[in-house]
Every structure is written in structure tokens, then in C-alpha cells.
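Asks: The following file, entry.cif, comprises mmCIF, C-alpha atoms:
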data_target
#
loop_
_atom_site.label_atom_id
_atom_site.label_comp_id
_atom_site.auth_asym_id
_atom_site.auth_seq_id
_atom_site.Cartn_x
_atom_site.Cartn_y
_atom_site.Cartn_z
CA MET A 1 47.55 -20.78 -11.89
CA VAL A 2 47.28 -17.05 -11.26
CA VAL A 3 43.81 -15.66 -10.50
CA ASP A 4 43.00 -12.00 -11.06
CA GLU A 5 41.39 -11.23 -7.68
CA GLU A 6 39.99 -7.88 -8.79
CA GLY A 7 38.45 -9.39 -11.92
CA HIS A 8 37.13 -12.32 -9.92
CA ALA A 9 35.48 -9.96 -7.42
CA ALA A 10 33.87 -7.96 -10.22
CA ALA A 11 32.60 -11.13 -11.87
CA THR A 12 31.13 -12.57 -8.71
CA GLY A 13 29.63 -9.25 -7.64
CA VAL A 14 30.70 -6.68 -5.08
CA ASP A 15 28.59 -5.60 -2.12
CA PHE A 16 28.46 -1.85 -2.65
CA VAL A 17 27.23 -1.35 0.93
CA GLU A 18 30.65 -2.43 2.17
CA ARG A 19 32.48 -0.45 -0.53
CA LEU A 20 30.54 2.81 -0.16
CA GLY A 21 30.09 2.73 3.60
CA PRO A 22 26.88 3.17 5.61
CA ASP A 23 26.31 6.91 4.96
CA ALA A 24 26.55 6.84 1.16
CA SER A 25 24.74 3.50 1.01
CA ALA A 26 21.86 4.93 3.05
CA ILE A 27 21.46 7.74 0.49
CA VAL A 28 21.35 5.18 -2.31
CA PHE A 29 18.68 3.09 -0.56
CA ALA A 30 16.69 6.19 0.43
CA ALA A 31 16.20 6.89 -3.29
CA LEU A 32 13.93 3.85 -3.54
CA ARG A 33 10.31 4.98 -3.53
CA ASP A 34 8.56 1.65 -4.08
CA PRO A 35 8.13 -0.36 -0.84
CA ALA A 36 8.41 -3.57 -2.86
CA ASP A 37 11.88 -2.52 -4.02
CA LEU A 38 12.92 -1.85 -0.44
CA ALA A 39 11.64 -5.27 0.63
CA ARG A 40 13.57 -6.92 -2.20
CA ALA A 41 16.72 -5.02 -1.28
CA ALA A 42 16.43 -6.18 2.32
CA ALA A 43 16.30 -9.77 1.08
CA VAL A 44 19.52 -9.58 -0.97
CA SER A 45 22.05 -10.05 1.83
CA ARG A 46 22.66 -9.67 5.53
CA SER A 47 24.47 -6.34 5.09
CA TRP A 48 21.65 -4.91 2.98
CA ARG A 49 19.02 -6.07 5.46
CA THR A 50 20.97 -4.63 8.37
CA LEU A 51 21.29 -1.27 6.63
CA VAL A 52 17.60 -1.10 5.75
CA MET A 53 16.68 -1.80 9.37
CA ALA A 54 19.32 0.39 11.01
CA VAL A 55 18.45 3.47 8.94
CA HIS A 56 14.67 2.95 9.46
CA LEU A 57 14.04 3.18 5.72
CA SER A 58 10.52 1.69 5.86
CA LYS A 59 9.49 4.37 8.36
CA ILE A 60 11.09 7.03 6.15
CA GLN A 61 8.97 5.82 3.23
CA CYS A 62 5.84 6.14 5.37
CA LEU A 63 6.82 9.67 6.42
CA ARG A 64 7.32 10.71 2.81
CA LEU A 65 3.84 9.57 1.91
CA PHE A 66 1.98 10.59 5.07
CA PRO A 67 3.63 13.04 7.49
CA GLU A 68 1.06 12.09 10.15
CA VAL A 69 3.16 8.97 10.83
CA SER A 70 5.66 11.21 12.66
CA CYS A 71 3.39 11.20 15.72
CA PHE A 72 4.28 7.56 16.45
CA THR A 73 6.96 7.49 19.15
CA ARG A 74 7.42 3.71 19.23
CA ILE A 75 5.95 0.35 18.25
CA GLU A 76 4.40 -1.80 20.95
CA GLN A 77 3.74 -5.48 20.41
CA SER A 78 0.70 -7.05 22.05
CA ALA A 79 1.55 -8.63 25.39
CA THR A 80 0.24 -12.09 24.46
CA SER A 81 2.30 -12.41 21.31
CA ALA A 82 5.41 -10.86 22.88
CA SER A 83 5.39 -13.28 25.82
CA SER A 84 4.65 -16.38 23.76
CA SER A 85 7.28 -15.84 21.05
CA ASN A 86 11.04 -16.14 21.19
CA ASN A 87 11.24 -14.00 18.03
CA GLY A 88 13.80 -16.28 16.42
CA VAL A 89 16.92 -14.62 17.85
CA ASN A 90 20.15 -16.57 17.45
CA GLU A 91 23.79 -15.92 18.16
CA GLU A 92 24.52 -15.24 14.51
CA ASP A 93 22.23 -12.21 14.57
CA ALA A 94 22.97 -11.04 18.08
CA GLY A 95 25.65 -11.87 20.57
CA SER A 96 24.04 -10.68 23.78
CA THR A 97 20.63 -10.09 25.30
CA ALA A 98 20.85 -6.33 24.85
CA THR A 99 21.97 -6.67 21.25
CA ALA A 100 19.28 -9.25 20.62
CA THR A 101 16.60 -6.94 21.98
CA ALA A 102 17.80 -4.04 19.83
CA TRP A 103 17.98 -6.29 16.77
CA GLU A 104 14.46 -7.59 17.34
CA ASN A 105 13.19 -4.02 17.73
CA HIS A 106 14.71 -3.16 14.35
CA LYS A 107 13.19 -6.25 12.77
CA ARG A 108 9.78 -5.53 14.26
CA GLU A 109 9.84 -1.88 13.15
CA GLN A 110 10.91 -2.89 9.64
CA TRP A 111 8.10 -5.42 9.32
CA VAL A 112 5.38 -3.19 10.83
CA TYR A 113 6.19 -0.16 8.68
CA MET A 114 6.46 -2.36 5.60
CA ARG A 115 2.95 -3.62 6.33
CA LEU A 116 1.71 -0.10 6.96
CA VAL A 117 3.18 1.43 3.82
CA HIS A 118 1.88 -1.49 1.75
CA ALA A 119 -1.61 -0.89 3.13
CA LEU A 120 -1.33 2.85 2.46
CA LEU A 121 -0.40 2.24 -1.19
CA SER A 122 -2.72 -0.68 -1.91
CA ASP A 123 -5.78 -0.32 -4.12
CA ARG A 124 -8.24 1.78 -2.17
CA THR A 125 -11.96 1.26 -1.89
CA TRP A 126 -13.50 4.34 -0.34
CA LYS A 127 -16.41 3.57 1.97
CA GLY A 128 -18.17 5.02 4.97
CA CYS A 129 -15.94 4.73 8.06
CA ILE A 130 -18.16 6.07 10.86
CA ALA A 131 -18.84 3.39 13.46
CA ALA A 132 -20.47 5.37 16.30
CA CYS A 133 -21.26 8.84 17.60
CA ILE A 134 -19.23 10.35 20.44
CA GLY A 135 -21.17 13.57 20.90
CA ALA A 136 -22.14 17.06 19.76
CA SER A 137 -21.17 20.50 20.98
CA SER A 138 -24.84 21.17 21.69
CA THR A 139 -28.22 19.61 20.94
CA ASP A 140 -31.54 21.44 20.97
CA ASN A 141 -33.75 18.45 21.82
CA PHE A 142 -32.14 15.13 22.75
CA PRO A 143 -32.63 12.40 21.60
CA GLU A 144 -35.19 13.54 18.99
CA GLU A 145 -32.65 15.89 17.36
CA GLY A 146 -29.47 14.06 18.40
CA ILE A 147 -26.26 13.38 16.50
CA GLN A 148 -27.21 9.73 15.97
CA ASN A 149 -29.74 10.89 13.36
CA THR A 150 -26.88 12.02 11.09
CA LEU A 151 -25.95 8.38 10.46
CA VAL A 152 -29.22 7.86 8.57
CA PRO A 153 -29.01 8.68 4.83
CA GLY A 154 -31.30 11.49 3.74
CA ASP A 155 -33.45 13.70 5.95
CA HIS A 156 -36.33 11.34 6.72
CA MET A 157 -36.64 8.01 8.51
CA ASN A 158 -39.95 6.15 8.76
CA ASP A 159 -41.77 9.22 7.40
CA MET A 160 -40.29 11.31 10.19
CA GLU A 161 -37.78 14.13 9.82
CA SER A 162 -34.28 12.93 10.77
CA TYR A 163 -31.57 15.45 11.66
CA TRP A 164 -29.29 16.89 14.31
CA SER A 165 -30.00 20.40 15.57
CA SER A 166 -27.66 22.61 17.53
CA GLY A 167 -28.81 24.85 20.33
CA GLY A 168 -29.98 28.32 19.34
CA GLN A 169 -27.64 31.32 19.51
CA GLU A 170 -28.04 35.06 19.15
CA ASP A 171 -24.49 35.35 17.80
CA PRO A 172 -24.15 33.81 14.30
CA GLY A 173 -20.39 33.37 14.86
CA VAL A 174 -20.72 30.68 17.55
CA PRO A 175 -19.36 27.40 16.07
CA GLU A 176 -20.73 23.89 16.51
CA PHE A 177 -19.18 20.48 15.99
CA LEU A 178 -19.96 16.76 15.82
CA VAL A 179 -17.53 14.05 16.98
CA TYR A 180 -17.53 10.50 15.57
CA LYS A 181 -15.68 7.26 16.22
CA LEU A 182 -14.38 5.45 13.14
CA CYS A 183 -14.36 1.72 12.46
CA SER A 184 -10.55 1.42 12.83
CA ASP A 185 -7.75 3.17 14.73
CA LEU A 186 -6.01 3.77 11.40
CA CYS A 187 -8.12 5.04 8.50
CA LEU A 188 -7.02 6.72 5.30
CA ILE A 189 -9.60 9.51 4.84
CA ASP A 190 -10.26 11.07 1.46
CA GLU A 191 -13.58 12.90 1.63
CA ILE A 192 -16.31 14.21 3.96
CA ARG A 193 -19.93 14.47 2.82
CA ILE A 194 -22.56 16.53 4.63
CA GLN A 195 -26.21 17.22 3.92
CA PRO A 196 -27.70 20.32 5.59
CA PHE A 197 -31.27 20.00 6.85
CA ARG A 198 -34.31 21.71 5.34
CA ALA A 199 -37.15 22.29 7.81
CA TYR A 200 -40.20 21.48 5.73
CA GLN A 201 -42.51 22.05 8.69
CA GLN A 202 -41.44 25.69 9.10
CA PRO A 203 -42.60 28.71 7.07
CA GLY A 204 -40.51 29.16 3.94
CA HIS A 205 -38.81 25.73 4.36
CA PRO A 206 -35.51 27.22 5.63
CA ILE A 207 -32.18 25.39 5.30
CA TYR A 208 -30.04 25.50 8.45
CA SER A 209 -26.58 25.14 6.90
CA ALA A 210 -23.30 26.65 8.06
CA ARG A 211 -21.07 29.03 6.11
CA TYR A 212 -17.97 26.86 6.42
CA VAL A 213 -16.99 23.37 7.52
CA ARG A 214 -13.64 21.85 8.51
CA VAL A 215 -12.53 18.51 9.93
CA SER A 216 -9.98 17.34 12.49
CA PHE A 217 -8.55 13.86 13.04
CA GLY A 218 -7.20 12.64 16.36
CA CYS A 219 -6.75 10.06 19.06
CA PRO A 220 -8.55 9.86 22.43
CA LYS A 221 -6.27 10.34 25.42
CA LEU A 222 -8.02 7.44 27.15
CA PRO A 223 -9.56 4.35 25.48
CA LEU A 224 -13.18 4.94 24.56
CA ARG A 225 -15.65 2.82 26.51
CA LEU A 226 -19.05 1.74 25.28
CA GLU A 227 -20.71 4.02 27.84
CA ASP A 228 -18.81 6.99 26.38
CA LEU A 229 -20.70 6.71 23.08
CA VAL A 230 -24.04 8.30 22.30
CA SER A 231 -27.14 6.18 22.90
CA GLU A 232 -30.81 6.86 23.41
CA GLU A 233 -30.08 7.49 27.12
CA ASN A 234 -26.61 9.03 26.82
CA GLU A 235 -25.99 12.34 25.05
CA GLY A 236 -22.20 11.87 25.09
CA GLN A 237 -19.72 13.35 27.57
CA LEU A 238 -16.38 13.32 25.71
CA THR A 239 -16.80 16.25 23.34
CA ALA A 240 -14.24 18.65 24.87
CA ASP A 241 -10.98 19.09 22.96
CA ASP A 242 -8.86 18.24 26.01
CA ASN A 243 -10.05 14.62 25.72
CA TYR A 244 -8.17 14.17 22.42
CA ILE A 245 -4.83 14.62 20.69
CA TRP A 246 -5.65 16.33 17.40
CA MET A 247 -3.06 15.61 14.71
CA TYR A 248 -4.66 17.06 11.58
CA THR A 249 -7.05 19.94 10.90
CA SER A 250 -8.18 20.81 7.40
CA SER A 251 -8.70 24.24 5.95
CA GLU A 252 -12.23 25.64 5.87
CA PHE A 253 -14.54 24.51 3.06
CA PRO A 254 -17.44 26.78 2.01
CA MET A 255 -20.85 25.14 2.45
CA LEU A 256 -23.80 25.77 0.17
CA GLN A 257 -27.20 26.59 1.62
CA LYS A 258 -28.77 23.67 -0.20
CA ASN A 259 -30.47 20.52 1.03
CA VAL A 260 -28.15 18.15 -0.88
CA LEU A 261 -25.29 15.84 0.09
CA GLN A 262 -22.25 18.09 -0.39
CA SER A 263 -18.75 16.75 -0.95
CA PHE A 264 -15.68 18.17 0.81
CA LYS A 265 -12.65 16.42 -0.62
CA LEU A 266 -9.35 16.73 1.22
CA PRO A 267 -6.34 18.03 -0.75
CA ARG A 268 -4.76 14.60 -0.29
CA PRO A 269 -5.78 11.41 1.53
CA VAL A 270 -4.96 11.86 5.22
CA LEU A 271 -4.07 9.11 7.69
CA CYS A 272 -6.40 9.45 10.66
CA ILE A 273 -4.51 8.05 13.66
CA GLY A 274 -6.68 7.21 16.65
CA GLY A 275 -10.01 6.80 14.87
CA VAL A 276 -11.74 10.04 15.95
CA VAL A 277 -13.14 12.68 13.57
CA LYS A 278 -14.47 16.11 14.53
CA VAL A 279 -16.65 17.90 11.97
CA GLU A 280 -16.79 21.60 12.79
CA PHE A 281 -19.38 24.07 11.50
CA ARG A 282 -18.46 27.76 11.46
CA GLY A 283 -20.80 30.65 10.78
CA ARG A 284 -24.59 30.42 11.12
CA ILE A 285 -26.89 31.58 8.33
CA GLN A 286 -30.50 30.81 9.23
CA LYS A 287 -32.65 32.15 12.05
CA GLN A 288 -35.69 30.28 13.33
CA VAL A 289 -38.84 32.39 13.10
CA TYR A 290 -40.22 31.10 16.40
CA ASP A 291 -37.43 32.36 18.69
CA ASP A 292 -35.29 34.58 16.40
CA LEU A 293 -32.15 32.51 17.16
CA TYR A 294 -29.54 31.08 14.78
CA TYR A 295 -29.31 27.28 14.41
CA ILE A 296 -27.24 24.75 12.48
CA CYS A 297 -29.01 21.55 11.47
CA VAL A 298 -27.49 18.57 9.66
CA ALA A 299 -29.37 15.66 8.12
CA HIS A 300 -26.53 13.30 7.19
CA VAL A 301 -22.73 12.97 7.54
CA GLN A 302 -20.36 10.54 5.80
CA VAL A 303 -16.62 10.08 6.32
CA LEU A 304 -15.24 8.24 3.30
CA GLY A 305 -11.98 6.36 3.59
CA THR A 306 -10.24 3.01 3.85
CA PRO A 307 -9.68 1.21 7.18
CA LEU A 308 -6.05 0.00 7.42
CA LEU A 309 -5.29 -3.44 8.86
CA PRO A 310 -7.80 -3.12 11.76
CA GLN A 311 -6.85 -6.56 13.13
CA GLU A 312 -3.07 -6.12 12.87
CA LEU A 313 -2.38 -2.49 13.76
CA GLY A 314 -3.83 0.03 16.19
CA ALA A 315 -3.01 3.29 17.94
CA ALA A 316 -2.99 4.20 21.61
CA PRO A 317 -1.90 7.29 23.57
CA SER A 318 1.08 7.21 25.92
CA GLU A 319 2.97 9.69 28.05
CA ASP A 320 5.47 10.40 25.28
CA GLY A 321 3.08 10.44 22.31
CA ILE A 322 1.13 7.92 20.23
CA VAL A 323 2.07 4.22 20.25
CA LEU A 324 1.66 2.13 17.12
CA LYS A 325 0.17 -1.13 18.38
CA TYR A 326 1.13 -4.36 16.65
CA PHE A 327 -0.84 -7.63 16.89
CA PRO A 328 1.21 -10.28 15.03
CA GLU A 329 -1.23 -13.04 15.98
CA HIS A 330 -3.61 -11.51 13.40
CA GLU A 331 -1.08 -11.40 10.57
CA PRO A 332 -2.18 -13.10 7.33
CA PRO A 333 -0.30 -16.34 6.60
CA GLN A 334 2.76 -15.85 4.44
CA ASP A 335 3.01 -17.64 1.12
CA SER A 336 5.29 -20.59 1.81
CA GLY A 337 5.42 -21.47 -1.88
CA CYS A 338 7.47 -18.39 -2.73
CA SER A 339 11.13 -19.32 -2.56
CA ARG A 340 12.65 -15.82 -2.57
CA PRO A 341 11.76 -12.26 -3.63
CA LYS A 342 12.37 -11.21 -7.21
CA TRP A 343 15.31 -8.88 -6.66
CA HIS A 344 17.25 -9.68 -9.81
CA ASP A 345 16.60 -6.20 -11.26
CA ILE A 346 17.19 -4.25 -8.05
CA GLU A 347 20.34 -2.63 -9.47
CA ALA A 348 18.41 -1.16 -12.38
CA ARG A 349 15.72 0.10 -10.01
CA ILE A 350 18.29 1.84 -7.83
CA TRP A 351 19.83 3.48 -10.90
CA ARG A 352 16.42 4.77 -12.02
CA ALA A 353 15.56 6.01 -8.54
CA LEU A 354 18.87 7.86 -8.18
CA LYS A 355 18.48 9.52 -11.58
CA ALA A 356 14.87 10.49 -10.90
CA THR A 357 15.85 12.32 -7.71
CA GLY A 358 19.06 13.80 -9.12
CA GLN A 359 21.11 12.20 -6.34
CA VAL A 360 23.30 10.27 -8.76
CA ILE A 361 25.19 13.45 -9.57
CA GLY A 362 26.94 13.45 -6.23
CA PHE A 363 28.34 9.93 -6.52
CA ASN A 364 31.46 8.58 -8.17
CA GLN A 365 30.03 7.42 -11.50
CA GLU A 366 32.76 4.88 -12.22
CA LEU A 367 32.43 3.30 -8.78
CA LEU A 368 28.64 3.08 -9.01
CA SER A 369 28.89 1.54 -12.48
CA ARG A 370 31.24 -1.16 -11.19
CA LEU A 371 29.08 -1.88 -8.16
CA LEU A 372 25.62 -1.70 -9.74
CA GLY A 373 26.42 -2.49 -13.34
CA PRO A 374 26.03 -0.17 -16.35
CA SER A 375 23.53 2.67 -16.03
CA VAL A 376 20.20 1.88 -17.68
#
Render the structure in this file as C-alpha cells.
Replies:
Amino acid sequence: MVVDEEGHAAATGVDFVERLGPDASAIVFAALRDPADLARAAAVSRSWRTLVMAVHLSKIQCLRLFPEVSCFTRIEQSATSASSSNNGVNEEDAGSTATATAWENHKREQWVYMRLVHALLSDRTWKGCIAACIGASSTDNFPEEGIQNTLVPGDHMNDMESYWSSGGQEDPGVPEFLVYKLCSDLCLIDEIRIQPFRAYQQPGHPIYSARYVRVSFGCPKLPLRLEDLVSEENEGQLTADDNYIWMYTSSEFPMLQKNVLQSFKLPRPVLCIGGVVKVEFRGRIQKQVYDDLYYICVAHVQVLGTPLLPQELGAAPSEDGIVLKYFPEHEPPQDSGCSRPKWHDIEARIWRALKATGQVIGFNQELLSRLLGPSV
């Protein structure tokens, strides 16, 4: 009996990764925009999984969505989990210790960035992310007019005026800023809200707003200790810029001279890496009648965003940049009832992705049709 080998191969399916080669195959996979599609593709076969890991496609997806991810220089697994796990390496995946280590690094990076991109794209619930106060550029009277008052909604607490006040300046161009610690090392920030303070006890009830406001997100160069945060006895010592690595600074937003909670929405949600936010006030408007000096006073500040996997992922500075910390002991349990990913329509998804980006034009149409099936 004579068997048509070419027809048999077409009927049983051909691995286009082996037919196209790694370079062309990487372009095909890079067209996938949905992280779920990339996860399904990695589950199809060993060659597909190897390509997805070797080309760092999960990290590329993160970079497309949030360029801030580029600051991560490496992934570092927690010491306890790294020492207690053998990571499941076998001779089939890796033939030597060095190869095994490299393979495990690829696997870990693939998994961590898949988790991160999934969290970045999940349904978002914006909420207040400020956890503590780090300090202010200046304070007129501490603690009565300290930064900690800006965590209280409104401008009164227990029938007392509640606000932060800067020191007075003759020059209205002297800026001021407030620095806060967020509830997670990784937070997706969408909006800042600020309420300027109206001094009801002063003649004319002046409002001590600024002309403009802007925000910066960054990571402390050294881990923040409890004693570094503002308290009733501690005004805060880590306000200087050289204590932080700033990775994002917004444009200036104009501020109204009104005693209302004003919204400053970022052009796009920004990934704050390191959990530190600096709110900067530029341009003073109001003089105080008692000393003829310019002040900026703020009643309330909110940083609205979504904390990302605070138990699983973190960020820490290193000599060569920012390290993405990984704590696998806090991973959610995987669904053991799911037998395998639904990748049966992956070919159609790749076709759609290639056509959407226009990349399909550069490929051999006949070859792609044989490998992926008819274009949909």
C-alpha cells in the first residue's frame, strides 16, 4: 500500500514553527495581542512553547501595553521559594545544569509576565491607593498643618480645619510637593484628585491653590522603613529626589482656585513601579494677609488606581535597575479540573491578528494557508 506522505502530513497537521523557522514564526506569534491567545499557543506543543519563551513574547505584550515595564532588568524569585523548589526540571527539557537554569529562567519569566499582563488587562476597580505619607517639601506648622491631614476627606475633621500648608515664600514661582507611599509596589494609576484649602478663618476666605499640578511615579532606592514615614512625631526625612528612581512624570494640569475636589485624569492608565507618588504644585496664587507671603494649602489628596497582585509581585531597586520580585508561594491555586486550554481556534486568531496588523502581506500566502488552514 502506497501512502502519500505529503498528503498525510497535511491531514495530520504541520508545525509551521518548524517549516517557517524561528524568525518568521516569531513575527507570526508577535501579532497576537490577547494574552489568552499567547497562553493557548504556548500550550499547543513543545516547539510553540519554546518559541514563546525564547522570544520573550509575554514581556513584549507587557511593553506594548505599558512602556514602564522596560525598567525591569530581571525577575528575582523569593529566596524561600527558590531554595525549597526543584522547579520540575528534567532531562527532556534540559540536558545540563546550565541549560536547566536557562530553561527555568525562561519558564519563570513567561509565567510572571503572563500573570502581570493578565492583571493589567483584568476588569479594573479604581480605588484610593495611598497607604501612608512620606513627607512634604515644606510645612508651615507641623503636625497641625502636616501632610497627614490630606488623607482626611474634606477640609474639616472633628469641627477643626484639616489641611496641609506649605511654608511661606516671597517668590510665587517656588514649587512645593507631597510624597506618598501606595498600598502596593505595582499599582495601575488612572487619576489624581486634589482639593485646595479655603481658609475660612481669614479675611475674605482665600483659597490657597496652585496654578498647576503634576505627578511623578517612582521607586525608593532603599526599602522604606516604618520610621521613614510621617507620624505625629516624625515630619518625614525622605523627600529629596535623590532618594528615588522616578520613572514617569505627567504633564502639567491647570488647577482651579476653587475649594472643590478636582480631578486630574492621566492620558492613559500608568503602571506605578515602586509604589511612590510625588504630587507637585507649581505656581502660587494666594498671599496671606498677615505676613504678605505666598502659600499653597491642600485639604485632601486621592490617588485612584488598582493594586496589582500585591502578594505575588513586587519591585525593588538594584545596581542595574529595578528588579521584578516574584513570590510563587502566594500564587492562587490553579484549576485542576481544567484538562487543557481551549486552543482549537488558535489558527483563526493568528490569521485575524496578522491581517489586523498588515503583517500577513509579507508572508507566502500559499504556505501560510497550508500551515494554518484557509484564511478566515
Asks: Please evaluate the PyMOL selection byres ((chain A and resi 134) around 9) against the displayed coordinates and give the resulting residues as a PyMOL selection string.
Replies: chain A and resi 132-133+135-136+147+178-181+228-230+235-239+276
Asks: Could you please take those selected residues and save C-alpha atoms as a compact mmCIF listing (two decimals), in the coordinates of the input?
Replies:
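Once everything was written out, this is again-v4.txt:
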# COMPACT_ATOMS: atom_id res chain seq x y z
CA ALA A 132 -20.47 5.37 16.30
CA CYS A 133 -21.26 8.84 17.60
CA GLY A 135 -21.17 13.57 20.90
CA ALA A 136 -22.14 17.06 19.76
CA ILE A 147 -26.26 13.38 16.50
CA LEU A 178 -19.96 16.76 15.82
CA VAL A 179 -17.53 14.05 16.98
CA TYR A 180 -17.53 10.50 15.57
CA LYS A 181 -15.68 7.26 16.22
CA ASP A 228 -18.81 6.99 26.38
CA LEU A 229 -20.70 6.71 23.08
CA VAL A 230 -24.04 8.30 22.30
CA GLU A 235 -25.99 12.34 25.05
CA GLY A 236 -22.20 11.87 25.09
CA GLN A 237 -19.72 13.35 27.57
CA LEU A 238 -16.38 13.32 25.71
CA THR A 239 -16.80 16.25 23.34
CA VAL A 276 -11.74 10.04 15.95
Asks: Identify, on the basis of all atoms listed in the file, every residue whose closest approach to range 248-265 of chain A does not exceed 6 Å; exclude the query and any residue fewer than 6 positions from it along the same chain; express the result as a list in words.
Replies: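 Counting only the stated atoms, we get Glu191, Ile192, Arg193, Ile194, Gln195, Pro196, Phe197, Arg198, Ser209, Arg211, Tyr212, Val213, Arg214, Val215, Ser216 and Phe217 of chain A.
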Asks: Any idea what the distance is between CA of Ala315 in chain A and CA of His56 in chain A?
Replies: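 Those two atoms sit 19.6 Å apart.
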Asks: I'd like the contact shell of range 57-73 of chain A - 6 Å cut-off, all atoms listed in the file, skipping same-chain residues fewer than 4 positions apart - returned as a ChimeraX atom specification.
Replies: /A:52,110,113-114,117,321-323
Asks: What's around Glu312 in chain A at 6 Å? Count all atoms listed in the file, leave out sequence neighbours fewer than 2 positions away in its own chain, and write the answer as a list in words.
Replies: Leu309, Pro310, Tyr326, Phe327 and His330 of chain A
Asks: Which residues would end up in the selection if the PyMOL selection byres ((chain A and resi 150) around 6) were applied here, given that I need the answer as a list in words?
Replies: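 Applying the expression gives Ile147, Gln148, Asn149, Leu151, Val152, Tyr163, Ala299, His300 and Val301 of chain A.
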Asks: Mind pulling up the distance from CA of Cys183 in chain A to CA of Ile130 in chain A?
Replies: 6.0 Å
Asks: Considering only C-alpha atoms, return as a count of residues only whatever protein or nucleic-acid residues lie within 6 Å of Cys297 in chain A, sequence-local ones (same chain, fewer than 3 positions apart) excluded.
Replies: 4
Asks: Could you tell me which of A:Pro172, A:Gly314, A:Pro267, A:Pro220 comes closest to Leu116 in chain A if we count all atoms listed in the file?
Replies: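 When distances to Leu116 in chain A are compared using all atoms listed in the file, the smallest one comes from A:Gly314.
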Asks: Could you jot down the CA of Cys219 in chain A to CA of Leu271 in chain A separation for me, Å, one decimal place?
Replies: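 Going from CA of Cys219 in chain A over to CA of Leu271 in chain A covers 11.7 Å.
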Asks: Counting all atoms listed in the file, what is within 10 Å of Thr306 in chain A, bar same-chain residues fewer than 5 positions away, as a compact mmCIF listing (two decimals) with C-alpha atoms, in the coordinates of the input?
Replies:
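Listing of out.txt after writing:
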# COMPACT_ATOMS: atom_id res chain seq x y z
CA ALA A 119 -1.61 -0.89 3.13
CA LEU A 120 -1.33 2.85 2.46
CA ASP A 123 -5.78 -0.32 -4.12
CA ARG A 124 -8.24 1.78 -2.17
CA THR A 125 -11.96 1.26 -1.89
CA TRP A 126 -13.50 4.34 -0.34
CA LYS A 127 -16.41 3.57 1.97
CA GLY A 128 -18.17 5.02 4.97
CA CYS A 129 -15.94 4.73 8.06
CA CYS A 183 -14.36 1.72 12.46
CA SER A 184 -10.55 1.42 12.83
CA LEU A 186 -6.01 3.77 11.40
CA CYS A 187 -8.12 5.04 8.50
CA LEU A 188 -7.02 6.72 5.30
CA ILE A 189 -9.60 9.51 4.84
CA ASP A 190 -10.26 11.07 1.46
CA PRO A 269 -5.78 11.41 1.53
CA LEU A 271 -4.07 9.11 7.69
Asks: Mind telling me what the PyMOL selection byres ((chain A and resi 32-35) around 7) catches here, as a list in words?
Replies: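 Checked against the file, the PyMOL selection byres ((chain A and resi 32-35) around 7) matches Phe29, Ala30, Ala31, Ala36, Asp37, Leu38, Ala39, Gln61, Met114, His118, Ile350 and Ala353 of chain A.
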Asks: Of the candidates A:Ser78, A:Gln288, A:Ser318, A:Asn105, which one gets nearest to Ile245 in chain A if we count all atoms listed in the file?
Replies: A:Ser318
Asks: Choose the residue, out of A:Leu51, A:Leu182, A:Ile296, A:Val44, that has the smallest atom-to-atom separation from Phe281 in chain A; count all atoms listed in the file.
Replies: A:Ile296
